[in-house]
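J.: Here you go, my_file-v3.cif (mmCIF, C-alpha atoms):
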data_model
#
loop_
_atom_site.label_atom_id
_atom_site.label_comp_id
_atom_site.auth_asym_id
_atom_site.auth_seq_id
_atom_site.Cartn_x
_atom_site.Cartn_y
_atom_site.Cartn_z
CA MET A 29 -35.97 -83.96 -110.40
CA THR A 30 -36.88 -80.27 -110.73
CA ASP A 31 -40.23 -81.21 -112.25
CA ILE A 32 -40.98 -83.58 -109.38
CA VAL A 33 -40.12 -80.95 -106.76
CA ALA A 34 -42.30 -78.39 -108.52
CA ALA A 35 -45.18 -80.86 -108.75
CA MET A 36 -44.88 -81.68 -105.05
CA GLU A 37 -44.88 -77.99 -104.14
CA THR A 38 -48.02 -77.52 -106.22
CA PHE A 39 -49.64 -80.45 -104.44
CA GLN A 40 -48.68 -79.01 -101.04
CA ARG A 41 -50.32 -75.69 -101.95
CA PHE A 42 -53.40 -77.59 -103.08
CA VAL A 43 -53.56 -79.37 -99.71
CA ALA A 44 -53.10 -76.09 -97.82
CA GLU A 45 -55.92 -74.47 -99.80
CA ASN A 46 -58.26 -77.38 -99.10
CA PRO A 47 -57.78 -78.40 -95.45
CA TYR A 48 -59.45 -81.57 -94.25
CA SER A 49 -60.79 -79.54 -91.32
CA GLY A 50 -62.50 -77.10 -93.68
CA SER A 51 -65.86 -77.07 -95.42
CA ALA A 52 -67.44 -80.11 -97.05
CA GLU A 53 -66.44 -78.75 -100.46
CA GLN A 54 -62.81 -78.37 -99.36
CA ILE A 55 -62.74 -81.88 -97.89
CA VAL A 56 -64.20 -83.31 -101.09
CA THR A 57 -61.79 -81.35 -103.30
CA LEU A 58 -58.83 -82.54 -101.23
CA SER A 59 -60.05 -86.14 -101.24
CA LEU A 60 -60.57 -86.16 -105.00
CA GLY A 61 -57.11 -84.70 -105.52
CA ILE A 62 -55.54 -87.39 -103.33
CA ALA A 63 -57.43 -90.18 -105.10
CA GLU A 64 -56.50 -88.83 -108.52
CA ALA A 65 -52.85 -88.60 -107.47
CA SER A 66 -52.92 -92.21 -106.25
CA ASN A 67 -54.26 -93.30 -109.65
CA ARG A 68 -51.72 -91.22 -111.57
CA LEU A 69 -48.51 -91.78 -109.59
CA ASP A 70 -46.51 -94.90 -108.86
CA THR A 71 -46.60 -96.19 -105.29
CA SER A 72 -43.25 -94.77 -104.12
CA THR A 73 -43.91 -91.30 -105.54
CA PHE A 74 -47.40 -91.22 -104.08
CA ARG A 75 -46.03 -92.12 -100.64
CA LEU A 76 -43.59 -89.23 -100.95
CA TYR A 77 -46.47 -86.89 -101.82
CA ALA A 78 -48.40 -88.16 -98.79
CA GLU A 79 -45.47 -87.59 -96.44
CA GLN A 80 -45.01 -84.03 -97.68
CA THR A 81 -48.62 -83.06 -96.96
CA GLY A 82 -48.13 -83.23 -93.20
CA ILE A 83 -51.42 -85.10 -92.87
CA GLY A 84 -51.34 -88.13 -90.56
CA ASP A 85 -51.45 -91.58 -92.16
CA LYS A 86 -54.86 -92.43 -90.71
CA VAL A 87 -56.49 -89.22 -91.91
CA PHE A 88 -54.77 -89.41 -95.30
CA SER A 89 -56.02 -92.96 -95.76
CA LYS A 90 -59.58 -91.90 -94.98
CA LEU A 91 -59.39 -89.01 -97.43
CA LYS A 92 -58.13 -91.35 -100.14
CA VAL A 93 -61.09 -93.68 -99.53
CA VAL A 94 -63.50 -90.74 -99.75
CA GLY A 95 -61.89 -89.57 -102.98
CA LYS A 96 -62.01 -92.99 -104.62
CA THR A 97 -65.66 -93.39 -103.70
CA LEU A 98 -66.62 -89.99 -105.08
CA LEU A 99 -64.57 -90.53 -108.24
CA SER A 100 -66.74 -93.55 -109.00
CA LEU A 101 -69.81 -91.29 -109.28
CA GLN A 102 -71.01 -89.54 -112.39
CA GLU A 103 -70.52 -85.76 -112.29
CA LYS A 104 -74.20 -84.96 -111.62
CA GLU A 105 -74.40 -87.68 -108.97
CA ARG A 106 -71.30 -86.28 -107.29
CA ARG A 107 -72.77 -82.78 -107.19
CA ASP A 108 -75.96 -84.09 -105.60
CA VAL A 109 -73.99 -86.01 -102.98
CA VAL A 110 -71.55 -83.20 -102.14
CA LYS A 111 -74.43 -80.78 -101.47
CA GLN A 112 -75.63 -83.07 -98.67
CA LEU A 113 -72.30 -83.90 -97.04
CA PRO A 114 -71.36 -82.53 -93.60
CA ALA A 115 -68.15 -80.60 -92.96
CA SER A 116 -66.47 -83.57 -91.28
CA TYR A 117 -64.02 -85.87 -93.02
CA SER A 118 -64.71 -88.63 -90.46
CA THR A 119 -68.45 -88.54 -91.13
CA ILE A 120 -67.94 -88.44 -94.89
CA HIS A 121 -65.56 -91.40 -94.59
CA VAL A 122 -68.22 -93.40 -92.75
CA LEU A 123 -70.79 -92.56 -95.42
CA CYS A 124 -68.36 -93.70 -98.11
CA SER A 125 -68.66 -97.25 -96.81
CA LEU A 126 -71.93 -97.23 -98.77
CA SER A 127 -71.95 -98.25 -102.40
CA ALA A 128 -72.11 -95.49 -105.01
CA GLU A 129 -75.81 -96.16 -105.60
CA GLU A 130 -76.62 -96.16 -101.89
CA LEU A 131 -74.70 -92.92 -101.38
CA VAL A 132 -76.55 -91.15 -104.19
CA THR A 133 -79.91 -92.46 -102.99
CA GLY A 134 -79.21 -91.30 -99.43
CA ALA A 135 -78.24 -87.82 -100.59
CA ARG A 136 -81.17 -87.36 -102.97
CA SER A 137 -83.69 -88.69 -100.46
CA GLY A 138 -82.46 -86.33 -97.75
CA ALA A 139 -81.38 -89.16 -95.45
CA ILE A 140 -77.84 -87.78 -95.64
CA THR A 141 -77.71 -84.18 -94.43
CA PRO A 142 -75.04 -81.51 -93.81
CA SER A 143 -75.75 -81.72 -90.07
CA MET A 144 -75.17 -85.49 -89.85
CA SER A 145 -72.81 -86.64 -87.08
CA VAL A 146 -70.38 -89.57 -87.14
CA ARG A 147 -72.66 -91.56 -84.81
CA THR A 148 -75.71 -90.91 -86.96
CA ALA A 149 -73.76 -91.79 -90.10
CA LYS A 150 -72.64 -95.10 -88.57
CA ASP A 151 -76.21 -95.96 -87.60
CA TYR A 152 -77.47 -95.01 -91.05
CA THR A 153 -74.86 -96.99 -92.99
CA LYS A 154 -75.42 -100.03 -90.80
CA GLN A 155 -79.15 -99.79 -91.42
CA VAL A 156 -78.68 -99.45 -95.18
CA ARG A 157 -75.97 -102.04 -95.71
CA PHE A 158 -77.14 -104.71 -93.30
CA PRO A 159 -80.63 -104.02 -91.95
CA ALA A 160 -80.93 -107.45 -90.37
CA LEU A 161 -77.86 -106.95 -88.23
CA ALA A 162 -79.04 -106.77 -84.64
CA ALA A 163 -75.84 -106.23 -82.67
CA ALA A 164 -76.08 -103.07 -80.59
CA ASP A 165 -73.39 -100.39 -80.57
CA GLY A 166 -70.57 -101.24 -78.21
CA GLU A 167 -71.00 -105.00 -78.56
CA LYS A 168 -68.49 -105.53 -81.36
CA GLY A 169 -65.76 -107.85 -80.23
CA ARG A 170 -67.50 -108.78 -76.96
CA TRP A 171 -68.87 -112.17 -77.88
CA GLY A 172 -65.91 -113.89 -76.27
CA THR A 173 -66.04 -112.11 -72.88
CA LYS A 174 -67.76 -113.28 -69.72
CA GLN A 175 -71.09 -111.58 -69.17
CA GLU A 176 -73.97 -111.85 -66.72
CA HIS A 177 -77.57 -111.55 -67.87
CA LEU A 178 -79.19 -109.07 -65.47
CA TYR A 179 -82.63 -108.13 -66.78
CA GLY A 180 -85.10 -108.74 -69.59
CA VAL A 181 -87.56 -106.30 -71.15
CA TYR A 182 -90.85 -107.75 -72.35
CA ARG A 183 -93.80 -106.23 -74.21
CA PRO A 184 -97.25 -107.45 -73.16
CA GLU A 185 -99.36 -108.47 -76.14
CA GLU A 186 -101.88 -105.69 -75.50
CA VAL A 187 -99.19 -102.96 -75.56
CA ALA A 188 -98.58 -101.68 -79.08
CA LEU A 189 -95.28 -99.96 -79.84
CA GLY A 190 -94.60 -98.34 -83.20
CA ALA A 191 -91.18 -98.11 -84.84
CA GLU A 192 -90.52 -94.61 -83.47
CA GLN A 193 -91.58 -95.61 -79.96
CA LEU A 194 -89.35 -98.69 -80.06
CA GLN A 195 -86.42 -96.57 -81.23
CA SER A 196 -87.06 -94.05 -78.45
CA LEU A 197 -87.27 -96.84 -75.86
CA GLN A 198 -84.04 -98.39 -77.11
CA GLU A 199 -82.18 -95.07 -76.91
CA ALA A 200 -83.46 -94.43 -73.38
CA LEU A 201 -82.42 -97.91 -72.25
CA ARG A 202 -79.00 -97.54 -73.84
CA ARG A 203 -78.41 -94.21 -72.08
CA ALA A 204 -79.37 -95.78 -68.76
CA CYS A 205 -77.07 -98.76 -69.38
CA GLU A 206 -74.13 -96.56 -70.32
CA GLU A 207 -74.50 -94.65 -67.05
CA TYR A 208 -73.88 -97.87 -65.10
CA GLY A 209 -71.30 -99.38 -67.44
CA VAL A 210 -73.47 -102.22 -68.68
CA VAL A 211 -74.44 -103.16 -72.23
CA LEU A 212 -77.84 -103.18 -73.90
CA ARG A 213 -78.25 -106.10 -76.26
CA VAL A 214 -81.08 -105.96 -78.78
CA ALA A 215 -82.94 -109.22 -79.26
CA ASN A 216 -82.36 -111.00 -82.57
CA THR A 217 -85.37 -111.33 -84.80
CA ASP A 218 -84.48 -114.89 -85.76
CA GLY A 219 -83.37 -115.90 -82.28
CA THR A 220 -80.50 -118.05 -83.58
CA ARG A 221 -77.68 -115.77 -84.72
CA THR A 222 -74.86 -115.66 -82.20
CA LEU A 223 -72.85 -112.55 -81.41
CA LYS A 224 -69.87 -114.13 -83.14
CA GLN A 225 -71.92 -114.60 -86.30
CA GLN A 226 -73.15 -111.02 -86.04
CA GLU A 227 -69.63 -109.70 -85.84
CA ARG A 228 -68.62 -111.76 -88.86
CA ALA A 229 -71.67 -110.51 -90.76
CA GLU A 230 -70.74 -106.91 -90.03
CA ARG A 231 -67.18 -107.51 -91.21
CA GLU A 232 -68.58 -109.10 -94.38
CA VAL A 233 -70.50 -105.91 -95.15
CA PHE A 234 -67.46 -103.78 -94.39
CA TRP A 235 -65.11 -105.74 -96.66
CA ARG A 236 -67.66 -105.81 -99.46
CA GLY A 237 -67.65 -102.02 -99.29
CA VAL A 238 -63.85 -101.94 -99.43
CA LEU A 239 -63.92 -104.26 -102.43
CA GLU A 240 -66.40 -101.99 -104.20
CA ARG A 241 -64.12 -99.00 -103.67
CA GLU A 242 -61.02 -100.84 -104.85
CA LEU A 243 -62.66 -102.21 -108.01
CA THR A 244 -65.22 -99.74 -109.30
CA SER A 245 -67.78 -99.93 -112.07
CA LYS A 246 -65.87 -97.23 -113.96
CA TRP A 247 -62.67 -99.31 -113.81
CA PHE A 248 -64.50 -102.47 -114.90
CA LYS A 249 -65.96 -100.75 -117.96
CA GLY A 250 -62.42 -100.01 -119.14
CA MET A 251 -61.28 -103.63 -118.99
CA PRO A 252 -60.93 -105.71 -122.21
CA GLU A 253 -64.21 -107.19 -123.41
CA GLU A 254 -62.55 -110.42 -124.51
CA VAL A 255 -61.29 -111.06 -120.97
CA LYS A 256 -64.76 -110.36 -119.56
CA LYS A 257 -66.16 -112.95 -121.96
CA GLN A 258 -63.41 -115.41 -121.05
CA PHE A 259 -64.41 -115.25 -117.39
CA ASN A 260 -68.12 -114.82 -118.13
CA LEU A 261 -68.35 -111.52 -116.26
CA LYS A 262 -70.85 -108.87 -117.34
CA THR A 263 -70.88 -106.52 -114.34
CA ILE A 264 -68.55 -105.36 -111.59
CA GLY A 265 -70.90 -106.98 -109.08
CA GLU A 266 -70.30 -110.37 -110.68
CA LEU A 267 -66.55 -109.84 -110.33
CA HIS A 268 -66.94 -108.96 -106.65
CA GLU A 269 -68.86 -112.21 -106.07
CA THR A 270 -66.95 -114.56 -108.37
CA PRO A 271 -64.86 -117.36 -106.77
CA LEU A 272 -61.33 -116.43 -105.73
CA ARG A 273 -59.60 -118.29 -108.57
CA SER A 274 -61.68 -116.53 -111.24
CA PHE A 275 -61.34 -113.22 -109.41
CA THR A 276 -57.54 -113.45 -109.41
CA GLY A 277 -57.41 -114.77 -112.96
CA PHE A 278 -59.49 -111.91 -114.28
CA LEU A 279 -57.35 -109.25 -112.60
CA ILE A 280 -54.13 -110.81 -113.90
CA ASN A 281 -55.40 -111.24 -117.46
CA ALA A 282 -57.29 -107.96 -117.72
CA ASP A 283 -55.03 -105.46 -116.01
CA GLY A 284 -51.27 -105.72 -116.13
CA GLY A 285 -50.39 -109.39 -115.74
CA LYS A 286 -48.71 -111.15 -112.82
CA LYS A 287 -45.90 -108.62 -112.49
CA GLU A 288 -48.34 -105.77 -111.89
CA PHE A 289 -50.84 -107.74 -109.84
CA TRP A 290 -49.68 -107.00 -106.30
CA GLU A 291 -48.98 -103.32 -106.89
CA LYS A 292 -52.24 -102.69 -108.73
CA HIS A 293 -54.61 -105.08 -107.00
CA GLY A 294 -52.99 -106.31 -103.81
CA GLN A 295 -55.46 -104.40 -101.66
CA ALA A 296 -58.44 -105.69 -103.65
CA TYR A 297 -57.12 -109.25 -103.24
CA VAL A 298 -56.79 -108.83 -99.46
CA ALA A 299 -60.29 -107.33 -99.32
CA LYS A 300 -61.62 -110.29 -101.31
CA LEU A 301 -59.98 -112.79 -98.95
CA ASN A 302 -61.46 -111.02 -95.93
CA TYR A 303 -64.86 -110.78 -97.59
CA LEU A 304 -64.99 -114.47 -98.49
CA MET A 305 -63.66 -115.48 -95.08
CA ASP A 306 -66.43 -113.61 -93.27
CA LYS A 307 -69.13 -114.60 -95.75
CA THR A 308 -68.70 -118.36 -95.82
CA GLU A 309 -70.41 -120.65 -93.33
CA ASP A 310 -67.98 -123.46 -94.15
CA ARG A 311 -65.40 -123.69 -91.35
CA ALA A 312 -62.84 -125.53 -93.47
CA GLN A 313 -63.08 -122.94 -96.23
CA ARG A 314 -62.81 -120.13 -93.69
CA PHE A 315 -59.71 -121.74 -92.23
CA ASN A 316 -58.07 -122.05 -95.67
CA LEU A 317 -58.89 -118.45 -96.54
CA LYS A 318 -57.47 -117.30 -93.22
CA ARG A 319 -54.23 -119.18 -93.86
CA ARG A 320 -53.97 -117.64 -97.32
CA LEU A 321 -54.55 -114.15 -95.90
CA GLU A 322 -51.92 -114.69 -93.21
CA SER A 323 -49.47 -115.86 -95.87
CA VAL A 324 -50.08 -112.80 -98.05
CA VAL A 325 -49.69 -110.22 -95.28
CA ALA A 326 -46.63 -112.02 -93.92
CA GLU A 327 -44.90 -111.67 -97.30
CA ARG A 328 -46.05 -108.12 -98.05
CA ARG A 329 -45.73 -105.71 -95.17
CA GLU A 330 -47.52 -102.86 -96.94
CA LEU A 331 -50.64 -105.02 -97.28
CA ALA A 332 -50.39 -106.08 -93.64
CA VAL A 333 -50.29 -102.43 -92.57
CA TRP A 334 -53.19 -101.56 -94.87
CA ASN A 335 -55.29 -104.49 -93.65
CA ASN A 336 -54.71 -103.70 -89.97
CA THR A 337 -55.28 -99.98 -90.47
CA LEU A 338 -58.73 -100.61 -91.94
CA LEU A 339 -59.66 -103.04 -89.19
CA LYS A 340 -58.58 -100.55 -86.52
CA GLN A 341 -60.48 -97.70 -88.15
CA ILE A 342 -63.72 -99.64 -88.07
CA GLY A 343 -63.11 -100.99 -84.55
CA PHE A 344 -62.55 -104.68 -85.32
CA ILE A 345 -59.09 -104.84 -83.69
#
Reformat the file's structure so that it appears as structure tokens.

T.:
Amino acid sequence: MTDIVAAMETFQRFVAENPYSGSAEQIVTLSLGIAEASNRLDTSTFRLYAEQTGIGDKVFSKLKVVGKTLLSLQEKERRDVVKQLPASYSTIHVLCSLSAEELVTGARSGAITPSMSVRTAKDYTKQVRFPALAAADGEKGRWGTKQEHLYGVYRPEEVALGAEQLQSLQEALRRACEEYGVVLRVANTDGTRTLKQQERAEREVFWRGVLERELTSKWFKGMPEEVKKQFNLKTIGELHETPLRSFTGFLINADGGKKEFWEKHGQAYVAKLNYLMDKTEDRAQRFNLKRRLESVVAERRELAVWNNTLLKQIGFI
């Protein structure tokens, strides 16, 4: 017991020395420490550590996500990324919805900068992860509400507008709309995707990102080769995309068995269910996946809380 108390006091000092309201380096150091503690400690002990930090659950959860994402990077990659991160845990958390490769590319290309705001980060990650997504900011969740079409904006054939001019026009229109409490909706390039489909597509991208953070390339490399061969999986990407039965079977056989499954990989399983549910175009399959998800979260409160917390953070509920 004395050792545990001493370890917790050390962790509290570590948190105090690296506040989440501090510099980018302090935020990163804190996030890495939290992620490493979550990997090292059992669930109940880690929760006790979290409570003792005095950091709110929502912030602590974001810091853990940041830490897990950065832990998946190689040391040199991490240094390159950290140099470009802003001193805002919320902005860094948004950027960590990118895959490891996308995060490194953004930092090295200069697209990610220390002056980046949360709004800019959201726009950037949306552009990178799902460039075809056309839903404008503020439209998420509105596909089911009553709306009146007021105006249309049309470009005569002889008027040429470049990408920068179109972006400037869109921002000006959005500012004008916000002043009067109305919504700007950007036209779809394919003309067929409904707002409901757009929302589902955005959730698909989000849950794929969660899945990538829960099951990293580094973790996959440490799994038994014979189990990888058994399930015909060569890369972590193939595991992310494999059917649910194979996905579950691999996790059970490769990492701890059935007894350890929910504690080790419950969150990854919930992320996979959400991902498949939003990805499929088959209504019957979506219904079955939804029922399975509802069953899981009904039986395991901690997964229900985790699932809802993520959805609230991203604005889906």

J.: Taking the file above as input, evaluate the PyMOL selection byres ((chain A and resi 78) around 10) and report the hits as a CSV table (one decimal) with C-alpha atoms, in the frame of the given file.

T.:
chain,number,residue,atom,x,y,z
A,36,MET,CA,-44.9,-81.7,-105.0
A,39,PHE,CA,-49.6,-80.4,-104.4
A,40,GLN,CA,-48.7,-79.0,-101.0
A,62,ILE,CA,-55.5,-87.4,-103.3
A,65,ALA,CA,-52.8,-88.6,-107.5
A,66,SER,CA,-52.9,-92.2,-106.2
A,72,SER,CA,-43.2,-94.8,-104.1
A,73,THR,CA,-43.9,-91.3,-105.5
A,74,PHE,CA,-47.4,-91.2,-104.1
A,75,ARG,CA,-46.0,-92.1,-100.6
A,76,LEU,CA,-43.6,-89.2,-101.0
A,77,TYR,CA,-46.5,-86.9,-101.8
A,79,GLU,CA,-45.5,-87.6,-96.4
A,80,GLN,CA,-45.0,-84.0,-97.7
A,81,THR,CA,-48.6,-83.1,-97.0
A,82,GLY,CA,-48.1,-83.2,-93.2
A,83,ILE,CA,-51.4,-85.1,-92.9
A,84,GLY,CA,-51.3,-88.1,-90.6
A,85,ASP,CA,-51.4,-91.6,-92.2
A,88,PHE,CA,-54.8,-89.4,-95.3
A,89,SER,CA,-56.0,-93.0,-95.8

J.: What does the distance from atom CA of Met305 of chain A to atom CA of Arg228 of chain A come to in Å, to one decimal?

T.: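 For atom CA of Met305 of chain A relative to atom CA of Arg228 of chain A, the distance reads 8.8 Å.
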
J.: Which residues, named as in the file, does the PyMOL selection byres ((chain A and resi 115) around 10) pick out? Answer as a list in words.

T.: Tyr48, Ser49, Gly50, Ser51, Ala52, Glu53, Gln54, Ile55, Val56, Gln112, Leu113, Pro114, Ser116, Tyr117, Ser118, Thr119, Ile120, Pro142, Ser143, Met144 and Ser145 of chain A

J.: Identify, on the basis of only C-alpha atoms, every residue whose closest approach to Pro271 of chain A does not exceed 12 Å; exclude the query and any residue fewer than 4 positions from it along the same chain; express the result as an NGL selection string.

T.: :A and (259 or 261 or 266-267 or 275-278 or 297 or 300-301 or 303-305 or 308 or 317)

J.: So, with all atoms listed in the file as the atoms that count, which of A:Glu64, A:Glu269, A:Glu37, A:Glu322 lies closest to Val94 of chain A?

T.: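 Answer, going by the shortest atom-to-atom distance: A:Glu64.
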
J.: Please measure the separation of atom CA of Val181 of chain A and atom CA of Ala200 of chain A, giving the value in Å to one decimal.

T.: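 Distance reported for this atom pair: 12.8 Å.
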
J.: I need the residue set behind the PyMOL selection byres ((chain A and resi 325) around 12) for this file; please write it as a PDB file with C-alpha atoms, keeping the file's coordinate frame.

T.:
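Heads up, here's the output in out_9.pdb:
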ATOM      1  CA  TRP A 290     -49.680-107.000-106.300  1.00  0.00           C
ATOM      2  CA  GLY A 294     -52.990-106.310-103.810  1.00  0.00           C
ATOM      3  CA  GLN A 295     -55.460-104.400-101.660  1.00  0.00           C
ATOM      4  CA  TYR A 297     -57.120-109.250-103.240  1.00  0.00           C
ATOM      5  CA  VAL A 298     -56.790-108.830 -99.460  1.00  0.00           C
ATOM      6  CA  ALA A 299     -60.290-107.330 -99.320  1.00  0.00           C
ATOM      7  CA  LEU A 301     -59.980-112.790 -98.950  1.00  0.00           C
ATOM      8  CA  ASN A 302     -61.460-111.020 -95.930  1.00  0.00           C
ATOM      9  CA  LYS A 318     -57.470-117.300 -93.220  1.00  0.00           C
ATOM     10  CA  ARG A 319     -54.230-119.180 -93.860  1.00  0.00           C
ATOM     11  CA  ARG A 320     -53.970-117.640 -97.320  1.00  0.00           C
ATOM     12  CA  LEU A 321     -54.550-114.150 -95.900  1.00  0.00           C
ATOM     13  CA  GLU A 322     -51.920-114.690 -93.210  1.00  0.00           C
ATOM     14  CA  SER A 323     -49.470-115.860 -95.870  1.00  0.00           C
ATOM     15  CA  VAL A 324     -50.080-112.800 -98.050  1.00  0.00           C
ATOM     16  CA  ALA A 326     -46.630-112.020 -93.920  1.00  0.00           C
ATOM     17  CA  GLU A 327     -44.900-111.670 -97.300  1.00  0.00           C
ATOM     18  CA  ARG A 328     -46.050-108.120 -98.050  1.00  0.00           C
ATOM     19  CA  ARG A 329     -45.730-105.710 -95.170  1.00  0.00           C
ATOM     20  CA  GLU A 330     -47.520-102.860 -96.940  1.00  0.00           C
ATOM     21  CA  LEU A 331     -50.640-105.020 -97.280  1.00  0.00           C
ATOM     22  CA  ALA A 332     -50.390-106.080 -93.640  1.00  0.00           C
ATOM     23  CA  VAL A 333     -50.290-102.430 -92.570  1.00  0.00           C
ATOM     24  CA  TRP A 334     -53.190-101.560 -94.870  1.00  0.00           C
ATOM     25  CA  ASN A 335     -55.290-104.490 -93.650  1.00  0.00           C
ATOM     26  CA  ASN A 336     -54.710-103.700 -89.970  1.00  0.00           C
TER      27      ASN A 336
END

J.: What is the atom CA of Ala63 of chain A to atom CA of Gly95 of chain A distance in Å?

T.: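 If I compute the distance from atom CA of Ala63 of chain A to atom CA of Gly95 of chain A, I get 5.0 Å.
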
J.: Which of these residues is nearest to Phe234 of chain A, using only C-alpha atoms: A:Leu178, A:Leu201, A:Leu131, A:Cys124?

T.: A:Cys124

J.: Around segment 40-53 of chain A, fit a box with edges along x, y and z, padding it by 5 Å on each side, then list its centre and edge lengths in Å to one decimal as AutoDock Vina command-line options.

T.:
--center_x -58.1 --center_y -78.0 --center_z -97.2 --size_x 28.8 --size_y 17.1 --size_z 21.8

J.: Which residue gives the smallest distance to Thr148 of chain A among A:Glu130, A:Val122, A:Gly265, A:Arg136, with only C-alpha atoms counted?

T.: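 Closest to Thr148 of chain A, using only C-alpha atoms: A:Val122.
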
J.: Nearest residue to Gln102 of chain A out of A:Asp151, A:Ser245, A:Val146, A:Ala35, using only C-alpha atoms?

T.: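 Among A:Asp151, A:Ser245, A:Val146, A:Ala35, it is A:Ser245 that comes nearest to Gln102 of chain A.
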
J.: From (-80.5, -100.0, -96.6), in the file's coordinates, out to 12 Å: which residues are reached, counting all atoms listed in the file? Answer as a PyMOL selection string.

T.: chain A and resi 126-127+129-131+133-134+139+151-161+233

J.: Restricting it to C-alpha atoms, dump the selection as a CSV table (one decimal), keeping the file's coordinate frame.

T.:
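Result file out.csv:
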chain,number,residue,atom,x,y,z
A,126,LEU,CA,-71.9,-97.2,-98.8
A,127,SER,CA,-72.0,-98.2,-102.4
A,129,GLU,CA,-75.8,-96.2,-105.6
A,130,GLU,CA,-76.6,-96.2,-101.9
A,131,LEU,CA,-74.7,-92.9,-101.4
A,133,THR,CA,-79.9,-92.5,-103.0
A,134,GLY,CA,-79.2,-91.3,-99.4
A,139,ALA,CA,-81.4,-89.2,-95.4
A,151,ASP,CA,-76.2,-96.0,-87.6
A,152,TYR,CA,-77.5,-95.0,-91.0
A,153,THR,CA,-74.9,-97.0,-93.0
A,154,LYS,CA,-75.4,-100.0,-90.8
A,155,GLN,CA,-79.2,-99.8,-91.4
A,156,VAL,CA,-78.7,-99.4,-95.2
A,157,ARG,CA,-76.0,-102.0,-95.7
A,158,PHE,CA,-77.1,-104.7,-93.3
A,159,PRO,CA,-80.6,-104.0,-92.0
A,160,ALA,CA,-80.9,-107.4,-90.4
A,161,LEU,CA,-77.9,-107.0,-88.2
A,233,VAL,CA,-70.5,-105.9,-95.2

J.: Excluding His293 of chain A and residues on its chain fewer than 6 positions from it, collect all residues at most 10 Å away from it, counting all atoms listed in the file, and give them as a list in words.

T.: Glu242, Leu243, Thr276, Leu279, Ile280, Asp283, Gly284 and Ala299 of chain A

J.: Between A:Tyr182, A:Leu69, A:Asn281, A:Leu101, which has the minimum distance to Leu194 of chain A (counting all atoms listed in the file)?

T.: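 For Leu194 of chain A, the nearest of the given residues is A:Tyr182.
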